[in-house]
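Trainee: Supplied structure: final_7.pdb, PDB, C-alpha atoms.
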```pdb
ATOM      1  CA  MET O   1       8.175 -88.483 -58.287
ATOM      2  CA  ASN O   2       9.579 -88.196 -61.791
ATOM      3  CA  GLU O   3       7.174 -90.470 -63.606
ATOM      4  CA  THR O   4       4.444 -89.047 -65.759
ATOM      5  CA  ILE O   5       1.002 -90.349 -64.944
ATOM      6  CA  ASN O   6      -1.051 -90.802 -68.099
ATOM      7  CA  ILE O   7      -4.802 -90.689 -67.735
ATOM      8  CA  THR O   8      -6.887 -91.573 -70.739
ATOM      9  CA  PRO O   9     -10.102 -89.530 -70.981
ATOM     10  CA  THR O  10     -13.262 -91.578 -71.074
ATOM     11  CA  SER O  11     -14.976 -91.582 -74.420
ATOM     12  CA  VAL O  12     -18.080 -89.560 -75.036
ATOM     13  CA  THR O  13     -21.034 -91.785 -75.788
ATOM     14  CA  THR O  14     -24.683 -90.899 -75.798
ATOM     15  CA  ASN O  15     -26.030 -94.473 -75.826
ATOM     16  CA  GLY O  16     -28.704 -93.333 -78.258
ATOM     17  CA  ASN O  17     -29.806 -90.571 -75.905
ATOM     18  CA  ASP O  18     -29.999 -86.976 -77.049
ATOM     19  CA  PRO O  19     -27.006 -85.168 -75.476
ATOM     20  CA  ARG O  20     -29.001 -81.927 -75.622
ATOM     21  CA  PRO O  21     -32.524 -82.929 -74.629
ATOM     22  CA  VAL O  22     -33.554 -79.616 -73.064
ATOM     23  CA  LYS O  23     -35.352 -77.580 -75.688
ATOM     24  CA  ILE O  24     -36.204 -73.968 -74.858
ATOM     25  CA  GLN O  25     -37.453 -71.282 -77.192
ATOM     26  CA  TYR O  26     -36.998 -67.629 -76.306
ATOM     27  CA  GLY O  27     -38.521 -65.368 -78.938
ATOM     28  CA  ASN O  28     -37.132 -66.573 -82.260
ATOM     29  CA  VAL O  29     -34.177 -68.401 -80.701
ATOM     30  CA  LYS O  30     -34.594 -72.154 -80.395
ATOM     31  CA  MET O  31     -32.080 -73.582 -77.955
ATOM     32  CA  GLN O  32     -31.091 -77.201 -77.419
ATOM     33  CA  LEU O  33     -29.212 -77.437 -74.145
ATOM     34  CA  PRO O  34     -27.549 -80.268 -72.240
ATOM     35  CA  ARG O  35     -29.167 -81.433 -69.019
ATOM     36  CA  LEU O  36     -27.549 -79.700 -66.055
ATOM     37  CA  ASP O  37     -27.295 -83.025 -64.229
ATOM     38  CA  ASP O  38     -25.457 -84.766 -67.099
ATOM     39  CA  SER O  39     -21.702 -84.261 -66.806
ATOM     40  CA  ASN O  40     -21.250 -86.219 -70.033
ATOM     41  CA  ALA O  41     -22.685 -83.401 -72.164
ATOM     42  CA  LEU O  42     -22.167 -80.436 -69.843
ATOM     43  CA  PRO O  43     -19.374 -78.009 -70.784
ATOM     44  CA  ILE O  44     -16.678 -77.673 -68.112
ATOM     45  CA  GLU O  45     -17.451 -74.009 -67.384
ATOM     46  CA  LEU O  46     -21.063 -74.855 -66.535
ATOM     47  CA  LEU O  47     -19.989 -77.888 -64.525
ATOM     48  CA  THR O  48     -17.643 -75.702 -62.461
ATOM     49  CA  ALA O  49     -20.282 -73.033 -61.824
ATOM     50  CA  GLY O  50     -22.900 -75.652 -61.010
ATOM     51  CA  LEU O  51     -20.666 -77.444 -58.529
ATOM     52  CA  ASN O  52     -20.117 -74.160 -56.703
ATOM     53  CA  VAL O  53     -23.872 -73.729 -56.352
ATOM     54  CA  ILE O  54     -24.342 -77.347 -55.265
ATOM     55  CA  ALA O  55     -21.515 -77.153 -52.724
ATOM     56  CA  HIS O  56     -22.760 -74.010 -51.016
ATOM     57  CA  GLY O  57     -26.422 -73.690 -51.973
ATOM     58  CA  TRP O  58     -27.658 -70.752 -54.027
ATOM     59  CA  ASN O  59     -28.939 -68.825 -50.994
ATOM     60  CA  ASN O  60     -25.592 -69.229 -49.214
ATOM     61  CA  LEU O  61     -23.599 -67.651 -52.050
ATOM     62  CA  THR O  62     -22.692 -64.003 -51.740
ATOM     63  CA  GLN O  63     -24.252 -61.637 -54.236
ATOM     64  CA  ASP O  64     -20.912 -61.460 -56.073
ATOM     65  CA  GLU O  65     -20.772 -65.262 -56.281
ATOM     66  CA  GLN O  66     -24.352 -65.428 -57.575
ATOM     67  CA  ILE O  67     -23.559 -62.818 -60.221
ATOM     68  CA  GLY O  68     -20.454 -64.808 -61.191
ATOM     69  CA  VAL O  69     -22.488 -67.992 -61.675
ATOM     70  CA  LEU O  70     -25.085 -66.151 -63.747
ATOM     71  CA  ALA O  71     -22.324 -64.551 -65.828
ATOM     72  CA  VAL O  72     -20.973 -68.013 -66.682
ATOM     73  CA  PHE O  73     -24.417 -69.198 -67.804
ATOM     74  CA  ILE O  74     -25.018 -66.023 -69.828
ATOM     75  CA  ALA O  75     -21.596 -66.260 -71.500
ATOM     76  CA  TYR O  76     -22.302 -69.880 -72.440
ATOM     77  CA  LEU O  77     -25.742 -69.027 -73.850
ATOM     78  CA  GLN O  78     -24.321 -66.114 -75.848
ATOM     79  CA  ARG O  79     -21.540 -68.285 -77.246
ATOM     80  CA  GLU O  80     -23.913 -71.064 -78.276
ATOM     81  CA  TYR O  81     -26.760 -68.797 -79.421
ATOM     82  CA  PRO O  82     -25.416 -65.446 -80.667
ATOM     83  CA  LEU O  83     -28.907 -64.297 -81.718
ATOM     84  CA  LEU O  84     -30.061 -64.530 -78.108
ATOM     85  CA  GLY O  85     -28.622 -61.058 -77.488
ATOM     86  CA  ARG O  86     -30.872 -59.557 -80.168
ATOM     87  CA  GLU O  87     -33.924 -61.190 -78.648
ATOM     88  CA  LEU O  88     -32.931 -60.002 -75.177
ATOM     89  CA  ASP O  89     -32.557 -56.460 -76.498
ATOM     90  CA  LYS O  90     -36.312 -56.525 -77.171
ATOM     91  CA  SER O  91     -36.986 -57.359 -73.518
ATOM     92  CA  GLY O  92     -37.996 -54.874 -70.881
ATOM     93  CA  ASP O  93     -36.404 -57.054 -68.206
ATOM     94  CA  LYS O  94     -33.296 -58.803 -69.549
ATOM     95  CA  ILE O  95     -32.217 -60.156 -66.164
ATOM     96  CA  GLY O  96     -35.724 -61.431 -65.470
ATOM     97  CA  ASP O  97     -35.931 -63.144 -68.841
ATOM     98  CA  LEU O  98     -32.481 -64.709 -68.430
ATOM     99  CA  GLY O  99     -33.573 -65.919 -65.018
ATOM    100  CA  GLN O 100     -36.620 -67.570 -66.592
ATOM    101  CA  ILE O 101     -34.453 -69.261 -69.231
ATOM    102  CA  ILE O 102     -32.029 -70.589 -66.611
ATOM    103  CA  GLN O 103     -34.908 -71.620 -64.324
ATOM    104  CA  ALA O 104     -36.617 -73.525 -67.154
ATOM    105  CA  TRP O 105     -33.298 -75.157 -67.995
ATOM    106  CA  GLY O 106     -32.744 -76.192 -64.384
ATOM    107  CA  ASP O 107     -36.329 -77.434 -63.960
ATOM    108  CA  TYR O 108     -36.037 -79.854 -66.894
ATOM    109  CA  LYS O 109     -37.434 -83.256 -66.054
ATOM    110  CA  ASP O 110     -37.006 -86.273 -68.293
ATOM    111  CA  THR O 111     -40.506 -87.246 -69.349
ATOM    112  CA  ASP O 112     -39.489 -90.536 -70.937
ATOM    113  CA  PRO O 113     -41.426 -93.238 -69.040
ATOM    114  CA  LYS O 114     -38.654 -95.756 -69.815
ATOM    115  CA  ALA O 115     -36.038 -93.693 -67.987
TER
END
```
As structure tokens, what does this structure read like?
Mentor:
Amino acid sequence: MNETINITPTSVTTNGNDPRPVKIQYGNVKMQLPRLDDSNALPIELLTAGLNVIAHGWNNLTQDEQIGVLAVFIAYLQREYPLLGRELDKSGDKIGDLGQIIQAWGDYKDTDPKA
């Protein structure tokens, strides 16, 4: 097959919805994060890590795989919120606090009654 197949990416539209509706504050850092179930706003690295968890189930991942998924989430949070590292340095349990941030992010429920 010598023909090039051109695929046009779909456009990004929010339809008036907030693409980052998950608001979490950790210390002095106010984060606005995309919903983890919204592939429209979710960065590809988080989508990839999330699909791995969905495909296998968190408890079925090896410890190395779980650490890899957490590393992706931490890298994303550090990239988006560089001051998060300073706030985490004040913590006595950085891993525990990161776990709470990720848990709160994952537990987000849309409270809009129209949805």
Trainee: Using the chain letters and residue numbers of this document, give as a list in words the residues selected by the PyMOL selection byres ((chain O and resi 108) around 12).
Mentor: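 Expected selection for the PyMOL selection byres ((chain O and resi 108) around 12) here is Arg20, Pro21, Val22, Lys23, Ile24, Gln32, Leu33, Pro34, Arg35, Leu36, Asp37, Asp38, Ile101, Ile102, Gln103, Ala104, Trp105, Gly106, Asp107, Lys109, Asp110, Thr111 and Asp112 of chain O.
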Trainee: Record the distance separating atom CA of Gly99 of chain O and atom CA of Ala55 of chain O, expressed in Å with one decimal.
Mentor: 20.6 Å
Trainee: Can you pull out every residue within 8 Å of Glu87 of chain O, counting all atoms listed in the file, but drop anything in the same chain fewer than 4 positions away, and send it as a PyMOL selection string?
Mentor: chain O and resi 26-29+83+91
Trainee: At a cut-off of 10 Å, using all atoms listed in the file, what residues contact Gln66 of chain O? Leave out same-chain residues fewer than 5 positions from it and give the result as a list in words.
Mentor: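 In the requested format, the answer is Ala49, Asn52, Val53, Trp58, Asn59, Asn60, Leu61 and Ala71 of chain O.
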Trainee: Find, counting all atoms listed in the file, the residue in O:Thr62, O:Leu98, O:Leu88, O:Ile54 that gets nearest to Ile74 of chain O.
Mentor: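 Between O:Thr62, O:Leu98, O:Leu88, O:Ile54, the residue approaching Ile74 of chain O most closely is O:Leu98.
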Trainee: Quote the spacing between atom CA of Leu46 of chain O and atom CA of Leu70 of chain O in Å to one decimal place.
Mentor: 10.0 Å
Trainee: Calculated over all atoms listed in the file, which of the candidates O:Gly92, O:Gly57, O:Gly85, O:Gly50 has the smallest distance to Phe73 of chain O?
Mentor: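 Residue with the minimum atom-to-atom distance to Phe73 of chain O: O:Gly50.
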Trainee: Smallest atom-to-atom distance to Pro19 of chain O: which of O:Ala75, O:Met31, O:Ala41, O:Ile7, using only C-alpha atoms?
Mentor: O:Ala41
Trainee: Just to confirm, what's the straight-line distance from atom CA of Asp93 of chain O to atom CA of Val69 of chain O in Å (one decimal)?
Mentor: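 Between atom CA of Asp93 of chain O and atom CA of Val69 of chain O the gap is 18.9 Å.
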Trainee: Would you save segment 47-73 of chain O from the block above with N, CA, C and O atoms, as a PDB file, in the first residue's frame?
Mentor:
```pdb
ATOM      1  N   LEU O  47      -4.302   9.827  29.617  1.00  0.00           N
ATOM      2  CA  LEU O  47      -5.210   8.895  28.950  1.00  0.00           C
ATOM      3  C   LEU O  47      -4.561   7.512  28.836  1.00  0.00           C
ATOM      4  O   LEU O  47      -5.189   6.495  29.133  1.00  0.00           O
ATOM      5  N   THR O  48      -3.295   7.485  28.460  1.00  0.00           N
ATOM      6  CA  THR O  48      -2.568   6.217  28.321  1.00  0.00           C
ATOM      7  C   THR O  48      -2.461   5.497  29.661  1.00  0.00           C
ATOM      8  O   THR O  48      -2.737   4.301  29.766  1.00  0.00           O
ATOM      9  N   ALA O  49      -2.059   6.232  30.697  1.00  0.00           N
ATOM     10  CA  ALA O  49      -1.926   5.622  32.026  1.00  0.00           C
ATOM     11  C   ALA O  49      -3.274   5.141  32.536  1.00  0.00           C
ATOM     12  O   ALA O  49      -3.386   4.041  33.096  1.00  0.00           O
ATOM     13  N   GLY O  50      -4.305   5.959  32.323  1.00  0.00           N
ATOM     14  CA  GLY O  50      -5.641   5.585  32.783  1.00  0.00           C
ATOM     15  C   GLY O  50      -6.186   4.358  32.084  1.00  0.00           C
ATOM     16  O   GLY O  50      -6.821   3.506  32.702  1.00  0.00           O
ATOM     17  N   LEU O  51      -5.936   4.245  30.787  1.00  0.00           N
ATOM     18  CA  LEU O  51      -6.403   3.067  30.055  1.00  0.00           C
ATOM     19  C   LEU O  51      -5.731   1.792  30.553  1.00  0.00           C
ATOM     20  O   LEU O  51      -6.350   0.724  30.590  1.00  0.00           O
ATOM     21  N   ASN O  52      -4.475   1.894  30.958  1.00  0.00           N
ATOM     22  CA  ASN O  52      -3.780   0.742  31.516  1.00  0.00           C
ATOM     23  C   ASN O  52      -4.455   0.286  32.810  1.00  0.00           C
ATOM     24  O   ASN O  52      -4.666  -0.909  33.030  1.00  0.00           O
ATOM     25  N   VAL O  53      -4.829   1.240  33.631  1.00  0.00           N
ATOM     26  CA  VAL O  53      -5.515   0.906  34.888  1.00  0.00           C
ATOM     27  C   VAL O  53      -6.884   0.308  34.596  1.00  0.00           C
ATOM     28  O   VAL O  53      -7.273  -0.706  35.183  1.00  0.00           O
ATOM     29  N   ILE O  54      -7.613   0.916  33.656  1.00  0.00           N
ATOM     30  CA  ILE O  54      -8.949   0.415  33.320  1.00  0.00           C
ATOM     31  C   ILE O  54      -8.874  -0.994  32.736  1.00  0.00           C
ATOM     32  O   ILE O  54      -9.672  -1.864  33.067  1.00  0.00           O
ATOM     33  N   ALA O  55      -7.894  -1.224  31.875  1.00  0.00           N
ATOM     34  CA  ALA O  55      -7.777  -2.526  31.208  1.00  0.00           C
ATOM     35  C   ALA O  55      -7.476  -3.661  32.181  1.00  0.00           C
ATOM     36  O   ALA O  55      -7.977  -4.769  32.021  1.00  0.00           O
ATOM     37  N   HIS O  56      -6.651  -3.378  33.170  1.00  0.00           N
ATOM     38  CA  HIS O  56      -6.210  -4.446  34.073  1.00  0.00           C
ATOM     39  C   HIS O  56      -6.822  -4.367  35.459  1.00  0.00           C
ATOM     40  O   HIS O  56      -6.871  -5.370  36.161  1.00  0.00           O
ATOM     41  N   GLY O  57      -7.264  -3.199  35.868  1.00  0.00           N
ATOM     42  CA  GLY O  57      -7.725  -3.000  37.242  1.00  0.00           C
ATOM     43  C   GLY O  57      -6.535  -2.675  38.124  1.00  0.00           C
ATOM     44  O   GLY O  57      -5.476  -3.303  38.008  1.00  0.00           O
ATOM     45  N   TRP O  58      -6.683  -1.675  38.964  1.00  0.00           N
ATOM     46  CA  TRP O  58      -5.573  -1.210  39.800  1.00  0.00           C
ATOM     47  C   TRP O  58      -4.960  -2.353  40.608  1.00  0.00           C
ATOM     48  O   TRP O  58      -3.749  -2.507  40.674  1.00  0.00           O
ATOM     49  N   ASN O  59      -5.793  -3.173  41.224  1.00  0.00           N
ATOM     50  CA  ASN O  59      -5.286  -4.251  42.083  1.00  0.00           C
ATOM     51  C   ASN O  59      -4.604  -5.373  41.305  1.00  0.00           C
ATOM     52  O   ASN O  59      -3.903  -6.185  41.888  1.00  0.00           O
ATOM     53  N   ASN O  60      -4.816  -5.421  39.988  1.00  0.00           N
ATOM     54  CA  ASN O  60      -4.172  -6.444  39.171  1.00  0.00           C
ATOM     55  C   ASN O  60      -2.848  -5.974  38.577  1.00  0.00           C
ATOM     56  O   ASN O  60      -2.141  -6.772  37.957  1.00  0.00           O
ATOM     57  N   LEU O  61      -2.533  -4.696  38.730  1.00  0.00           N
ATOM     58  CA  LEU O  61      -1.243  -4.188  38.254  1.00  0.00           C
ATOM     59  C   LEU O  61      -0.145  -4.612  39.214  1.00  0.00           C
ATOM     60  O   LEU O  61      -0.368  -4.715  40.423  1.00  0.00           O
ATOM     61  N   THR O  62       1.029  -4.855  38.669  1.00  0.00           N
ATOM     62  CA  THR O  62       2.172  -5.134  39.546  1.00  0.00           C
ATOM     63  C   THR O  62       2.541  -3.846  40.272  1.00  0.00           C
ATOM     64  O   THR O  62       2.121  -2.747  39.880  1.00  0.00           O
ATOM     65  N   GLN O  63       3.341  -3.974  41.298  1.00  0.00           N
ATOM     66  CA  GLN O  63       3.769  -2.784  42.031  1.00  0.00           C
ATOM     67  C   GLN O  63       4.524  -1.827  41.104  1.00  0.00           C
ATOM     68  O   GLN O  63       4.335  -0.615  41.175  1.00  0.00           O
ATOM     69  N   ASP O  64       5.350  -2.360  40.219  1.00  0.00           N
ATOM     70  CA  ASP O  64       6.075  -1.514  39.268  1.00  0.00           C
ATOM     71  C   ASP O  64       5.116  -0.774  38.342  1.00  0.00           C
ATOM     72  O   ASP O  64       5.323   0.396  38.021  1.00  0.00           O
ATOM     73  N   GLU O  65       4.057  -1.456  37.900  1.00  0.00           N
ATOM     74  CA  GLU O  65       3.076  -0.805  37.028  1.00  0.00           C
ATOM     75  C   GLU O  65       2.311   0.285  37.777  1.00  0.00           C
ATOM     76  O   GLU O  65       2.054   1.363  37.234  1.00  0.00           O
ATOM     77  N   GLN O  66       1.951   0.020  39.038  1.00  0.00           N
ATOM     78  CA  GLN O  66       1.273   1.025  39.841  1.00  0.00           C
ATOM     79  C   GLN O  66       2.162   2.251  40.042  1.00  0.00           C
ATOM     80  O   GLN O  66       1.698   3.390  39.913  1.00  0.00           O
ATOM     81  N   ILE O  67       3.421   2.030  40.332  1.00  0.00           N
ATOM     82  CA  ILE O  67       4.365   3.133  40.504  1.00  0.00           C
ATOM     83  C   ILE O  67       4.491   3.921  39.197  1.00  0.00           C
ATOM     84  O   ILE O  67       4.544   5.151  39.207  1.00  0.00           O
ATOM     85  N   GLY O  68       4.521   3.225  38.071  1.00  0.00           N
ATOM     86  CA  GLY O  68       4.596   3.889  36.773  1.00  0.00           C
ATOM     87  C   GLY O  68       3.399   4.789  36.517  1.00  0.00           C
ATOM     88  O   GLY O  68       3.551   5.915  36.039  1.00  0.00           O
ATOM     89  N   VAL O  69       2.206   4.308  36.846  1.00  0.00           N
ATOM     90  CA  VAL O  69       0.990   5.111  36.667  1.00  0.00           C
ATOM     91  C   VAL O  69       1.050   6.343  37.567  1.00  0.00           C
ATOM     92  O   VAL O  69       0.778   7.466  37.124  1.00  0.00           O
ATOM     93  N   LEU O  70       1.418   6.142  38.817  1.00  0.00           N
ATOM     94  CA  LEU O  70       1.515   7.277  39.743  1.00  0.00           C
ATOM     95  C   LEU O  70       2.566   8.276  39.281  1.00  0.00           C
ATOM     96  O   LEU O  70       2.372   9.490  39.397  1.00  0.00           O
ATOM     97  N   ALA O  71       3.670   7.783  38.737  1.00  0.00           N
ATOM     98  CA  ALA O  71       4.725   8.674  38.240  1.00  0.00           C
ATOM     99  C   ALA O  71       4.209   9.553  37.110  1.00  0.00           C
ATOM    100  O   ALA O  71       4.561  10.739  37.025  1.00  0.00           O
ATOM    101  N   VAL O  72       3.365   9.000  36.246  1.00  0.00           N
ATOM    102  CA  VAL O  72       2.784   9.786  35.151  1.00  0.00           C
ATOM    103  C   VAL O  72       1.901  10.901  35.718  1.00  0.00           C
ATOM    104  O   VAL O  72       1.995  12.053  35.298  1.00  0.00           O
ATOM    105  N   PHE O  73       1.060  10.562  36.690  1.00  0.00           N
ATOM    106  CA  PHE O  73       0.185  11.569  37.294  1.00  0.00           C
ATOM    107  C   PHE O  73       1.003  12.642  38.015  1.00  0.00           C
ATOM    108  O   PHE O  73       0.707  13.834  37.901  1.00  0.00           O
TER     109      PHE O  73
END
```
